[in-house]
>>> print(open('structure_25.cif').read())   # mmCIF, C-alpha atoms and all ligand atoms
data_start
loop_
_atom_site.group_PDB
_atom_site.id
_atom_site.type_symbol
_atom_site.label_atom_id
_atom_site.label_comp_id
_atom_site.auth_asym_id
_atom_site.auth_seq_id
_atom_site.Cartn_x
_atom_site.Cartn_y
_atom_site.Cartn_z
ATOM 1 C CA MET A 1 0.000 0.000 0.000
ATOM 2 C CA ILE A 2 1.412 3.383 -0.999
ATOM 3 C CA ILE A 3 0.971 6.136 1.580
ATOM 4 C CA ASP A 4 1.997 9.701 0.818
ATOM 5 C CA ALA A 5 3.257 11.129 4.114
ATOM 6 C CA HIS A 6 3.256 14.798 3.115
ATOM 7 C CA THR A 7 0.596 16.665 1.121
ATOM 8 C CA HIS A 8 -1.175 20.008 1.468
ATOM 9 C CA ILE A 9 -4.789 20.905 0.711
ATOM 10 C CA PHE A 10 -6.548 24.243 1.189
ATOM 11 C CA PRO A 11 -10.131 25.336 1.896
ATOM 12 C CA ASP A 12 -12.055 26.954 -0.988
ATOM 13 C CA ASP A 13 -12.003 30.306 0.776
ATOM 14 C CA VAL A 14 -8.197 30.389 0.886
ATOM 15 C CA ARG A 15 -7.821 29.145 -2.685
ATOM 16 C CA LYS A 16 -10.233 31.777 -3.995
ATOM 17 C CA ASN A 17 -9.006 34.707 -1.885
ATOM 18 C CA ARG A 18 -5.286 34.189 -1.554
ATOM 19 C CA GLU A 19 -4.529 37.950 -1.537
ATOM 20 C CA ALA A 20 -6.680 38.544 1.545
ATOM 21 C CA PHE A 21 -5.019 35.682 3.424
ATOM 22 C CA ALA A 22 -1.583 36.832 2.279
ATOM 23 C CA GLU A 23 -2.269 40.169 3.932
ATOM 24 C CA ARG A 24 -3.177 38.505 7.200
ATOM 25 C CA ASP A 25 -0.196 36.161 7.311
ATOM 26 C CA PRO A 26 3.274 37.109 6.051
ATOM 27 C CA GLY A 27 4.492 33.494 6.161
ATOM 28 C CA PHE A 28 1.634 32.450 3.885
ATOM 29 C CA ALA A 29 2.377 35.428 1.631
ATOM 30 C CA ALA A 30 6.017 34.332 1.325
ATOM 31 C CA ILE A 31 4.958 31.050 -0.309
ATOM 32 C CA TYR A 32 1.453 31.454 -1.724
ATOM 33 C CA LYS A 33 1.009 35.086 -2.670
ATOM 34 C CA GLU A 34 1.790 34.457 -6.343
ATOM 35 C CA PRO A 35 -1.002 32.712 -8.284
ATOM 36 C CA LYS A 36 1.541 30.307 -9.777
ATOM 37 C CA ALA A 37 2.027 28.767 -6.304
ATOM 38 C CA ARG A 38 -0.521 25.975 -6.562
ATOM 39 C CA MET A 39 -3.053 25.177 -3.856
ATOM 40 C CA ALA A 40 -5.163 22.052 -4.240
ATOM 41 C CA SER A 41 -8.557 20.974 -2.929
ATOM 42 C CA ALA A 42 -9.279 17.627 -1.300
ATOM 43 C CA GLU A 43 -10.931 16.460 -4.537
ATOM 44 C CA GLU A 44 -7.872 17.320 -6.626
ATOM 45 C CA LEU A 45 -5.705 15.338 -4.257
ATOM 46 C CA VAL A 46 -7.987 12.301 -4.453
ATOM 47 C CA SER A 47 -7.912 12.448 -8.289
ATOM 48 C CA SER A 48 -4.129 12.571 -8.255
ATOM 49 C CA MET A 49 -3.916 9.683 -5.780
ATOM 50 C CA ASP A 50 -6.253 7.575 -7.916
ATOM 51 C CA ALA A 51 -4.270 8.318 -11.070
ATOM 52 C CA VAL A 52 -0.967 7.265 -9.524
ATOM 53 C CA GLY A 53 -2.104 4.484 -7.202
ATOM 54 C CA VAL A 54 -1.616 6.168 -3.838
ATOM 55 C CA GLU A 55 -3.936 4.581 -1.292
ATOM 56 C CA ARG A 56 -3.768 7.124 1.508
ATOM 57 C CA SER A 57 -2.275 10.563 2.103
ATOM 58 C CA VAL A 58 -1.308 12.539 5.157
ATOM 59 C CA ILE A 59 -3.024 15.900 4.652
ATOM 60 C CA CYS A 60 -1.492 19.047 6.104
ATOM 61 C CA GLY A 61 -2.670 22.633 6.104
ATOM 62 C CA PHE A 62 -0.367 25.566 6.619
ATOM 63 C CA SER A 63 1.636 26.950 9.547
ATOM 64 C CA TRP A 64 -0.647 29.962 10.078
ATOM 65 C CA ASN A 65 0.356 32.511 12.686
ATOM 66 C CA GLU A 66 -3.213 33.138 13.915
ATOM 67 C CA PRO A 67 -5.155 30.509 15.844
ATOM 68 C CA GLY A 68 -8.320 31.403 13.918
ATOM 69 C CA LEU A 69 -6.702 30.574 10.588
ATOM 70 C CA CYS A 70 -5.352 27.288 11.945
ATOM 71 C CA ALA A 71 -8.858 26.411 13.173
ATOM 72 C CA LEU A 72 -10.385 27.222 9.774
ATOM 73 C CA HIS A 73 -7.844 25.047 7.995
ATOM 74 C CA ASN A 74 -8.094 22.189 10.495
ATOM 75 C CA GLN A 75 -11.852 22.175 10.076
ATOM 76 C CA TYR A 76 -11.404 21.702 6.324
ATOM 77 C CA LEU A 77 -8.915 18.870 6.854
ATOM 78 C CA LEU A 78 -11.190 17.047 9.301
ATOM 79 C CA GLU A 79 -14.249 17.471 7.076
ATOM 80 C CA SER A 80 -12.302 16.296 4.013
ATOM 81 C CA ALA A 81 -11.098 13.199 5.874
ATOM 82 C CA ALA A 82 -14.658 12.422 6.948
ATOM 83 C CA LYS A 83 -15.922 12.872 3.375
ATOM 84 C CA HIS A 84 -13.210 10.731 1.749
ATOM 85 C CA SER A 85 -13.312 7.865 4.151
ATOM 86 C CA ARG A 86 -10.001 5.996 4.641
ATOM 87 C CA ARG A 87 -8.113 8.077 2.075
ATOM 88 C CA PHE A 88 -6.799 10.876 4.299
ATOM 89 C CA ILE A 89 -4.834 11.059 7.535
ATOM 90 C CA VAL A 90 -5.114 14.478 9.191
ATOM 91 C CA PHE A 91 -2.135 16.350 10.600
ATOM 92 C CA LEU A 92 -3.177 19.526 12.412
ATOM 93 C CA SER A 93 -1.937 23.069 11.848
ATOM 94 C CA LEU A 94 -1.164 24.567 15.251
ATOM 95 C CA PRO A 95 0.646 27.709 16.422
ATOM 96 C CA LEU A 96 3.091 25.834 18.664
ATOM 97 C CA THR A 97 4.376 28.960 20.376
ATOM 98 C CA ASN A 98 0.815 29.328 21.750
ATOM 99 C CA PRO A 99 0.689 26.094 23.773
ATOM 100 C CA ASP A 100 -2.623 26.654 25.564
ATOM 101 C CA TRP A 101 -4.627 27.253 22.418
ATOM 102 C CA SER A 102 -2.741 24.497 20.595
ATOM 103 C CA ALA A 103 -3.562 21.983 23.349
ATOM 104 C CA ARG A 104 -7.285 22.767 23.105
ATOM 105 C CA GLU A 105 -7.255 22.565 19.309
ATOM 106 C CA LEU A 106 -5.298 19.309 19.457
ATOM 107 C CA ASP A 107 -7.976 17.868 21.693
ATOM 108 C CA ARG A 108 -10.680 18.889 19.229
ATOM 109 C CA GLY A 109 -8.655 17.502 16.318
ATOM 110 C CA LEU A 110 -7.972 14.163 17.971
ATOM 111 C CA LYS A 111 -11.695 13.722 18.604
ATOM 112 C CA GLY A 112 -12.158 14.275 14.883
ATOM 113 C CA GLY A 113 -9.604 11.587 14.043
ATOM 114 C CA ALA A 114 -6.359 13.564 13.555
ATOM 115 C CA LYS A 115 -3.164 11.513 13.877
ATOM 116 C CA GLY A 116 -0.395 14.089 14.147
ATOM 117 C CA VAL A 117 0.720 17.701 13.938
ATOM 118 C CA GLY A 118 2.367 19.580 11.065
ATOM 119 C CA GLU A 119 3.754 20.579 8.752
ATOM 120 C CA ILE A 120 5.064 23.263 11.089
ATOM 121 C CA GLY A 121 7.412 25.727 9.437
ATOM 122 C CA PHE A 122 9.131 29.003 10.200
ATOM 123 C CA TYR A 123 9.042 30.654 6.793
ATOM 124 C CA ARG A 124 9.221 34.340 7.583
ATOM 125 C CA HIS A 125 11.880 34.382 10.243
ATOM 126 C CA GLU A 126 14.221 31.728 11.469
ATOM 127 C CA MET A 127 13.238 29.607 14.440
ATOM 128 C CA THR A 128 15.151 30.887 17.456
ATOM 129 C CA SER A 129 15.969 29.372 20.835
ATOM 130 C CA GLN A 130 13.176 31.554 22.268
ATOM 131 C CA ASP A 131 10.723 29.928 19.856
ATOM 132 C CA VAL A 132 11.947 26.507 20.944
ATOM 133 C CA GLU A 133 11.456 27.500 24.602
ATOM 134 C CA ALA A 134 7.925 28.742 23.850
ATOM 135 C CA MET A 135 7.070 25.483 22.066
ATOM 136 C CA LYS A 136 8.372 23.227 24.826
ATOM 137 C CA PRO A 137 5.122 22.903 26.857
ATOM 138 C CA PHE A 138 3.238 21.778 23.770
ATOM 139 C CA LEU A 139 6.010 19.464 22.566
ATOM 140 C CA THR A 140 6.011 17.849 26.008
ATOM 141 C CA LEU A 141 2.295 17.165 25.553
ATOM 142 C CA LEU A 142 2.855 15.668 22.090
ATOM 143 C CA GLU A 143 5.629 13.449 23.402
ATOM 144 C CA GLU A 144 3.396 12.219 26.239
ATOM 145 C CA LYS A 145 0.577 11.470 23.822
ATOM 146 C CA GLY A 146 2.911 9.645 21.428
ATOM 147 C CA LEU A 147 1.868 11.788 18.467
ATOM 148 C CA PRO A 148 4.212 12.549 15.566
ATOM 149 C CA LEU A 149 5.294 16.049 14.594
ATOM 150 C CA LEU A 150 6.088 16.943 10.990
ATOM 151 C CA LEU A 151 8.575 19.804 10.904
ATOM 152 C CA HIS A 152 9.680 21.755 7.866
ATOM 153 C CA THR A 153 13.436 21.690 7.481
ATOM 154 C CA ASN A 154 15.466 22.669 4.464
ATOM 155 C CA GLU A 155 19.005 22.778 3.170
ATOM 156 C CA THR A 156 20.527 26.191 3.868
ATOM 157 C CA LEU A 157 22.806 26.205 0.805
ATOM 158 C CA GLY A 158 21.968 26.429 -2.872
ATOM 159 C CA HIS A 159 19.320 28.186 -4.906
ATOM 160 C CA PRO A 160 16.636 30.339 -3.222
ATOM 161 C CA TYR A 161 12.904 29.577 -3.540
ATOM 162 C CA PRO A 162 9.703 30.676 -1.766
ATOM 163 C CA GLY A 163 9.470 28.959 1.602
ATOM 164 C CA LYS A 164 13.177 28.317 1.974
ATOM 165 C CA GLY A 165 13.713 29.020 5.665
ATOM 166 C CA ARG A 166 16.906 30.150 7.348
ATOM 167 C CA THR A 167 16.647 28.159 10.565
ATOM 168 C CA ARG A 168 19.961 26.521 11.392
ATOM 169 C CA LEU A 169 19.980 22.740 11.682
ATOM 170 C CA GLU A 170 21.302 23.173 15.241
ATOM 171 C CA GLN A 171 17.858 24.478 16.302
ATOM 172 C CA PHE A 172 16.172 21.292 15.133
ATOM 173 C CA TYR A 173 18.815 19.248 16.871
ATOM 174 C CA GLU A 174 18.081 21.208 20.057
ATOM 175 C CA ILE A 175 14.445 20.058 19.840
ATOM 176 C CA ILE A 176 15.503 16.491 19.078
ATOM 177 C CA LEU A 177 17.804 16.404 22.107
ATOM 178 C CA ALA A 178 15.155 17.909 24.384
ATOM 179 C CA PHE A 179 12.457 15.406 23.295
ATOM 180 C CA PRO A 180 14.137 12.039 22.761
ATOM 181 C CA ARG A 181 10.845 10.111 22.681
ATOM 182 C CA LEU A 182 8.965 12.503 20.375
ATOM 183 C CA ARG A 183 8.596 11.092 16.881
ATOM 184 C CA ILE A 184 9.795 13.894 14.638
ATOM 185 C CA LEU A 185 9.296 13.698 10.893
ATOM 186 C CA LEU A 186 11.672 16.102 9.200
ATOM 187 C CA ALA A 187 10.458 17.262 5.807
ATOM 188 C CA HIS A 188 12.653 17.644 2.729
ATOM 189 C CA TRP A 189 15.275 15.091 3.824
ATOM 190 C CA GLY A 190 15.909 16.999 7.050
ATOM 191 C CA GLY A 191 17.826 19.656 5.156
ATOM 192 C CA GLY A 192 20.939 17.455 5.198
ATOM 193 C CA LEU A 193 20.701 16.189 8.795
ATOM 194 C CA PRO A 194 20.970 12.508 7.772
ATOM 195 C CA PHE A 195 24.671 13.063 7.092
ATOM 196 C CA TYR A 196 25.250 13.807 10.783
ATOM 197 C CA GLU A 197 23.821 10.447 11.763
ATOM 198 C CA LEU A 198 27.267 9.111 10.828
ATOM 199 C CA MET A 199 28.269 10.549 14.206
ATOM 200 C CA PRO A 200 27.393 7.841 16.740
ATOM 201 C CA GLU A 201 26.045 10.193 19.406
ATOM 202 C CA VAL A 202 23.850 11.979 16.871
ATOM 203 C CA ALA A 203 22.473 8.676 15.564
ATOM 204 C CA LYS A 204 21.696 7.663 19.138
ATOM 205 C CA ALA A 205 19.849 10.940 19.771
ATOM 206 C CA MET A 206 17.856 10.620 16.535
ATOM 207 C CA THR A 207 16.358 7.152 16.900
ATOM 208 C CA GLN A 208 12.837 8.684 16.748
ATOM 209 C CA VAL A 209 13.629 10.994 13.831
ATOM 210 C CA TYR A 210 12.413 10.269 10.291
ATOM 211 C CA TYR A 211 13.034 12.008 6.981
ATOM 212 C CA ASP A 212 10.556 12.607 4.192
ATOM 213 C CA THR A 213 11.262 13.021 0.506
ATOM 214 C CA ALA A 214 9.082 16.118 -0.050
ATOM 215 C CA ALA A 215 10.230 18.286 -2.982
ATOM 216 C CA SER A 216 13.188 15.959 -3.602
ATOM 217 C CA PRO A 217 13.088 16.157 -7.438
ATOM 218 C CA PHE A 218 13.454 19.961 -7.179
ATOM 219 C CA LEU A 219 16.315 19.803 -4.711
ATOM 220 C CA PHE A 220 18.464 16.709 -4.905
ATOM 221 C CA SER A 221 19.859 14.195 -7.348
ATOM 222 C CA LYS A 222 17.933 10.926 -7.296
ATOM 223 C CA LYS A 223 21.044 9.341 -5.804
ATOM 224 C CA ILE A 224 19.725 10.645 -2.496
ATOM 225 C CA TYR A 225 17.452 7.608 -2.042
ATOM 226 C CA THR A 226 20.350 5.167 -1.865
ATOM 227 C CA VAL A 227 22.717 7.581 -0.121
ATOM 228 C CA VAL A 228 20.308 8.346 2.739
ATOM 229 C CA SER A 229 19.323 4.677 2.950
ATOM 230 C CA GLN A 230 22.991 3.926 3.601
ATOM 231 C CA LEU A 231 23.305 6.761 6.109
ATOM 232 C CA VAL A 232 20.228 6.135 8.276
ATOM 233 C CA GLY A 233 18.544 2.994 6.941
ATOM 234 C CA PRO A 234 15.453 2.771 4.724
ATOM 235 C CA GLU A 235 13.321 2.375 7.887
ATOM 236 C CA LYS A 236 13.719 6.101 8.519
ATOM 237 C CA ILE A 237 12.704 7.394 5.095
ATOM 238 C CA LEU A 238 9.115 8.351 4.271
ATOM 239 C CA PHE A 239 7.723 8.982 0.820
ATOM 240 C CA GLY A 240 6.107 12.421 0.883
ATOM 241 C CA SER A 241 5.264 14.325 -2.289
ATOM 242 C CA ASP A 242 4.449 17.828 -1.042
ATOM 243 C CA PHE A 243 1.490 17.630 -3.483
ATOM 244 C CA PRO A 244 0.449 19.757 -5.333
ATOM 245 C CA LEU A 245 4.022 21.028 -5.629
ATOM 246 C CA ILE A 246 5.093 17.862 -7.448
ATOM 247 C CA SER A 247 3.073 14.848 -8.558
ATOM 248 C CA PRO A 248 3.661 11.633 -6.614
ATOM 249 C CA ARG A 249 4.441 10.022 -9.982
ATOM 250 C CA ARG A 250 7.844 11.752 -10.147
ATOM 251 C CA TYR A 251 8.914 10.199 -6.853
ATOM 252 C CA LEU A 252 7.696 6.742 -7.777
ATOM 253 C CA GLN A 253 9.758 6.894 -10.968
ATOM 254 C CA GLU A 254 12.869 8.053 -9.109
ATOM 255 C CA LEU A 255 12.457 5.395 -6.458
ATOM 256 C CA GLU A 256 11.946 2.682 -9.061
ATOM 257 C CA GLY A 257 15.205 3.653 -10.734
ATOM 258 C CA SER A 258 17.068 4.119 -7.468
ATOM 259 C CA GLY A 259 18.534 0.642 -7.270
ATOM 260 C CA LEU A 260 17.021 0.029 -3.822
ATOM 261 C CA VAL A 261 15.652 -3.490 -3.363
ATOM 262 C CA ALA A 262 11.867 -3.879 -3.540
ATOM 263 C CA GLU A 263 11.612 -4.553 0.187
ATOM 264 C CA ASP A 264 13.273 -1.234 1.038
ATOM 265 C CA GLN A 265 11.136 0.612 -1.503
ATOM 266 C CA LYS A 266 8.022 -0.772 0.182
ATOM 267 C CA LYS A 267 9.190 0.532 3.550
ATOM 268 C CA ILE A 268 9.719 4.000 2.128
ATOM 269 C CA LEU A 269 6.445 3.972 0.187
ATOM 270 C CA GLY A 270 4.191 3.157 3.111
ATOM 271 C CA LEU A 271 5.291 0.575 5.665
ATOM 272 C CA ASN A 272 7.313 3.080 7.712
ATOM 273 C CA ILE A 273 4.586 5.699 8.043
ATOM 274 C CA ALA A 274 1.988 2.978 8.701
ATOM 275 C CA ARG A 275 4.110 1.794 11.624
ATOM 276 C CA ILE A 276 4.576 5.323 12.979
ATOM 277 C CA LEU A 277 0.831 6.000 12.853
ATOM 278 C CA ASN A 278 -0.226 2.505 14.014
ATOM 279 C CA LEU A 279 -2.367 2.079 10.905
HETATM 280 ZN ZN ZN B 301 7.928 22.034 3.843
#
>>> encode(input="structure_25.cif", output="structure tokens")
Amino acid sequence: MIIDAHTHIFPDDVRKNREAFAERDPGFAAIYKEPKARMASAEELVSSMDAVGVERSVICGFSWNEPGLCALHNQYLLESAAKHSRRFIVFLSLPLTNPDWSARELDRGLKGGAKGVGEIGFYRHEMTSQDVEAMKPFLTLLEEKGLPLLLHTNETLGHPYPGKGRTRLEQFYEIILAFPRLRILLAHWGGGLPFYELMPEVAKAMTQVYYDTAASPFLFSKKIYTVVSQLVGPEKILFGSDFPLISPRRYLQELEGSGLVAEDQKKILGLNIARILNL
């Protein structure tokens, strides 16, 4: 069974009025202000999944700065999951530096069937140690509840693009060290963090850390599938497309030509995320 561990869908209101939402949220504006930045509906995602043979998808919203916008988006995700039974797995958008509100919204989301939190990203400014401190009460709660957190990470070198954050990898490592039992899914191959798992103490600290492939065809050579498999093991890699940014088809083609054995490909394509989410 193929499970896409990283997609985004948006409510009609946001898709039709992107300028208004861009004015309310500078992080959203940084990525989605231009009409060429695609936003998909739940129905478009289902069509794409059917065309490519993806059984289920983790659906994410956006890292809005206002609680009200997170609530609006979460409502759409929960309703979409209810409408398309067994196709979607909801990850909630929460303002993690507002732990009290986030805890209440998490409670509401879990009752509606949500299975995790994310994708959380710091797109406008880099994540600082103060942000990490502010997030700690909520991350403690997530760790206690055994829920996974999908965090946006990116490589800090190379070409610029909308949504490329400037947070140093050290900040993510700070979170990882502070929450050793929290299952952290790092988007976009962890921005290069897998390399550091060659250091024994880093590997030991990152036993609950996973890496997704989101946006890989835009960023890395397809050699990355075998290279990261050697670095951290195929058990820690999750197929995520970042749909509608790139069609899942591109990843399936790259993976097929990667030279990884079928068993490892199956882990990446669904078995790993199924285990994380107890599906
Ligand atoms: Zn991302």
>>> atom_distance(input="structure_25.cif", atom1="atom CA of A:Ala214", atom2="atom CA of A:Thr7")
8.6 Å
>>> residues_around(input="structure_25.cif", residues="A:Ala205", least_positions_apart="5", cutoff="9 Å", atoms="all atoms listed in the file", output="PyMOL selection string")
chain A and resi 173+176-177+180+197+200
>>> closest_residue(input="structure_25.cif", among="A:Ser63, A:Ser80, A:Asn278, A:Thr140", to="ligand ZN 301 (chain B)", atoms="all atoms listed in the file")
A:Ser63
>>> atom_distance(input="structure_25.cif", atom1="atom CA of A:Asn65", atom2="atom CA of A:Tyr123")
10.7 Å
>>> closest_residue(input="structure_25.cif", among="A:Cys60, A:Leu231, A:Leu142, A:Ile268", to="ligand ZN 301 (chain B)", atoms="all atoms listed in the file")
A:Cys60
>>> residues_near_point(input="structure_25.cif", point="(-8.4, 26.5, 23.1)", cutoff="12 Å", atoms="only C-alpha atoms", output="count of residues only")
18
>>> closest_residue(input="structure_25.cif", among="A:Leu245, A:Val46, A:Phe239, A:Arg15", to="A:Met1", atoms="all atoms listed in the file")
A:Phe239
>>> resolve_selection(input="structure_25.cif", expression="the PyMOL selection byres (((not hetatm)) within 7 of (chain B and resi 301))", output="compact mmCIF listing (two decimals) with C-alpha atoms, in the coordinates of the input")
# COMPACT_ATOMS: atom_id res chain seq x y z
CA GLU A 119 3.75 20.58 8.75
CA GLY A 121 7.41 25.73 9.44
CA HIS A 152 9.68 21.76 7.87
CA THR A 153 13.44 21.69 7.48
CA ALA A 187 10.46 17.26 5.81
CA HIS A 188 12.65 17.64 2.73
>>> build_atoms(input="structure_25.cif", residues="stretch 210-220 of chain A", atoms="all heavy atoms", output="mmCIF file, in the frame of the given file")
data_model
loop_
_atom_site.group_PDB
_atom_site.id
_atom_site.type_symbol
_atom_site.label_atom_id
_atom_site.label_comp_id
_atom_site.auth_asym_id
_atom_site.auth_seq_id
_atom_site.Cartn_x
_atom_site.Cartn_y
_atom_site.Cartn_z
ATOM 1 N N TYR A 210 12.626 10.819 11.634
ATOM 2 C CA TYR A 210 12.413 10.269 10.291
ATOM 3 C C TYR A 210 12.595 11.395 9.276
ATOM 4 O O TYR A 210 12.535 12.574 9.628
ATOM 5 C CB TYR A 210 11.002 9.686 10.177
ATOM 6 C CG TYR A 210 10.785 8.526 11.110
ATOM 7 C CD1 TYR A 210 10.454 8.754 12.449
ATOM 8 C CD2 TYR A 210 10.945 7.222 10.679
ATOM 9 C CE1 TYR A 210 10.281 7.691 13.330
ATOM 10 C CE2 TYR A 210 10.774 6.156 11.542
ATOM 11 C CZ TYR A 210 10.437 6.391 12.875
ATOM 12 O OH TYR A 210 10.280 5.345 13.736
ATOM 13 N N TYR A 211 12.793 11.014 8.029
ATOM 14 C CA TYR A 211 13.034 12.008 6.981
ATOM 15 C C TYR A 211 12.076 11.768 5.832
ATOM 16 O O TYR A 211 11.955 10.635 5.356
ATOM 17 C CB TYR A 211 14.476 11.887 6.458
ATOM 18 C CG TYR A 211 15.499 11.997 7.561
ATOM 19 C CD1 TYR A 211 15.979 10.857 8.204
ATOM 20 C CD2 TYR A 211 15.951 13.240 7.983
ATOM 21 C CE1 TYR A 211 16.898 10.957 9.233
ATOM 22 C CE2 TYR A 211 16.868 13.345 9.019
ATOM 23 C CZ TYR A 211 17.343 12.197 9.633
ATOM 24 O OH TYR A 211 18.253 12.307 10.663
ATOM 25 N N ASP A 212 11.398 12.828 5.371
ATOM 26 C CA ASP A 212 10.556 12.607 4.192
ATOM 27 C C ASP A 212 11.202 13.176 2.936
ATOM 28 O O ASP A 212 12.176 13.930 2.992
ATOM 29 C CB ASP A 212 9.102 13.054 4.427
ATOM 30 C CG ASP A 212 8.834 14.545 4.220
ATOM 31 O OD1 ASP A 212 9.580 15.197 3.469
ATOM 32 O OD2 ASP A 212 7.840 15.038 4.798
ATOM 33 N N THR A 213 10.647 12.738 1.809
ATOM 34 C CA THR A 213 11.262 13.021 0.506
ATOM 35 C C THR A 213 10.675 14.266 -0.161
ATOM 36 O O THR A 213 10.994 14.543 -1.321
ATOM 37 C CB THR A 213 11.037 11.837 -0.458
ATOM 38 O OG1 THR A 213 9.617 11.718 -0.706
ATOM 39 C CG2 THR A 213 11.551 10.526 0.123
ATOM 40 N N ALA A 214 9.834 15.017 0.567
ATOM 41 C CA ALA A 214 9.082 16.118 -0.050
ATOM 42 C C ALA A 214 9.978 17.075 -0.830
ATOM 43 O O ALA A 214 10.999 17.529 -0.315
ATOM 44 C CB ALA A 214 8.303 16.883 1.018
ATOM 45 N N ALA A 215 9.561 17.350 -2.054
ATOM 46 C CA ALA A 215 10.230 18.286 -2.982
ATOM 47 C C ALA A 215 11.565 17.762 -3.504
ATOM 48 O O ALA A 215 12.306 18.489 -4.181
ATOM 49 C CB ALA A 215 10.409 19.675 -2.374
ATOM 50 N N SER A 216 11.883 16.514 -3.218
ATOM 51 C CA SER A 216 13.188 15.959 -3.602
ATOM 52 C C SER A 216 13.577 16.193 -5.065
ATOM 53 O O SER A 216 14.706 16.613 -5.330
ATOM 54 C CB SER A 216 13.230 14.468 -3.273
ATOM 55 O OG SER A 216 14.540 13.981 -3.372
ATOM 56 N N PRO A 217 12.663 15.963 -6.038
ATOM 57 C CA PRO A 217 13.088 16.157 -7.438
ATOM 58 C C PRO A 217 13.530 17.588 -7.751
ATOM 59 O O PRO A 217 14.297 17.796 -8.688
ATOM 60 C CB PRO A 217 11.825 15.793 -8.237
ATOM 61 C CG PRO A 217 11.042 14.921 -7.332
ATOM 62 C CD PRO A 217 11.306 15.419 -5.948
ATOM 63 N N PHE A 218 13.042 18.564 -6.970
ATOM 64 C CA PHE A 218 13.454 19.961 -7.179
ATOM 65 C C PHE A 218 14.788 20.285 -6.502
ATOM 66 O O PHE A 218 15.383 21.328 -6.776
ATOM 67 C CB PHE A 218 12.403 20.934 -6.616
ATOM 68 C CG PHE A 218 11.172 21.084 -7.462
ATOM 69 C CD1 PHE A 218 10.062 21.755 -6.983
ATOM 70 C CD2 PHE A 218 11.123 20.565 -8.752
ATOM 71 C CE1 PHE A 218 8.920 21.904 -7.765
ATOM 72 C CE2 PHE A 218 9.987 20.707 -9.539
ATOM 73 C CZ PHE A 218 8.881 21.383 -9.043
ATOM 74 N N LEU A 219 15.189 19.432 -5.578
ATOM 75 C CA LEU A 219 16.315 19.803 -4.711
ATOM 76 C C LEU A 219 17.551 18.939 -4.880
ATOM 77 O O LEU A 219 18.677 19.438 -4.869
ATOM 78 C CB LEU A 219 15.875 19.730 -3.239
ATOM 79 C CG LEU A 219 14.708 20.634 -2.826
ATOM 80 C CD1 LEU A 219 14.256 20.287 -1.414
ATOM 81 C CD2 LEU A 219 15.107 22.097 -2.917
ATOM 82 N N PHE A 220 17.333 17.624 -4.995
ATOM 83 C CA PHE A 220 18.464 16.709 -4.905
ATOM 84 C C PHE A 220 18.498 15.744 -6.089
ATOM 85 O O PHE A 220 17.470 15.430 -6.683
ATOM 86 C CB PHE A 220 18.368 15.883 -3.612
ATOM 87 C CG PHE A 220 18.460 16.707 -2.350
ATOM 88 C CD1 PHE A 220 17.318 17.009 -1.615
ATOM 89 C CD2 PHE A 220 19.683 17.186 -1.899
ATOM 90 C CE1 PHE A 220 17.395 17.766 -0.449
ATOM 91 C CE2 PHE A 220 19.776 17.937 -0.738
ATOM 92 C CZ PHE A 220 18.627 18.224 -0.012
#
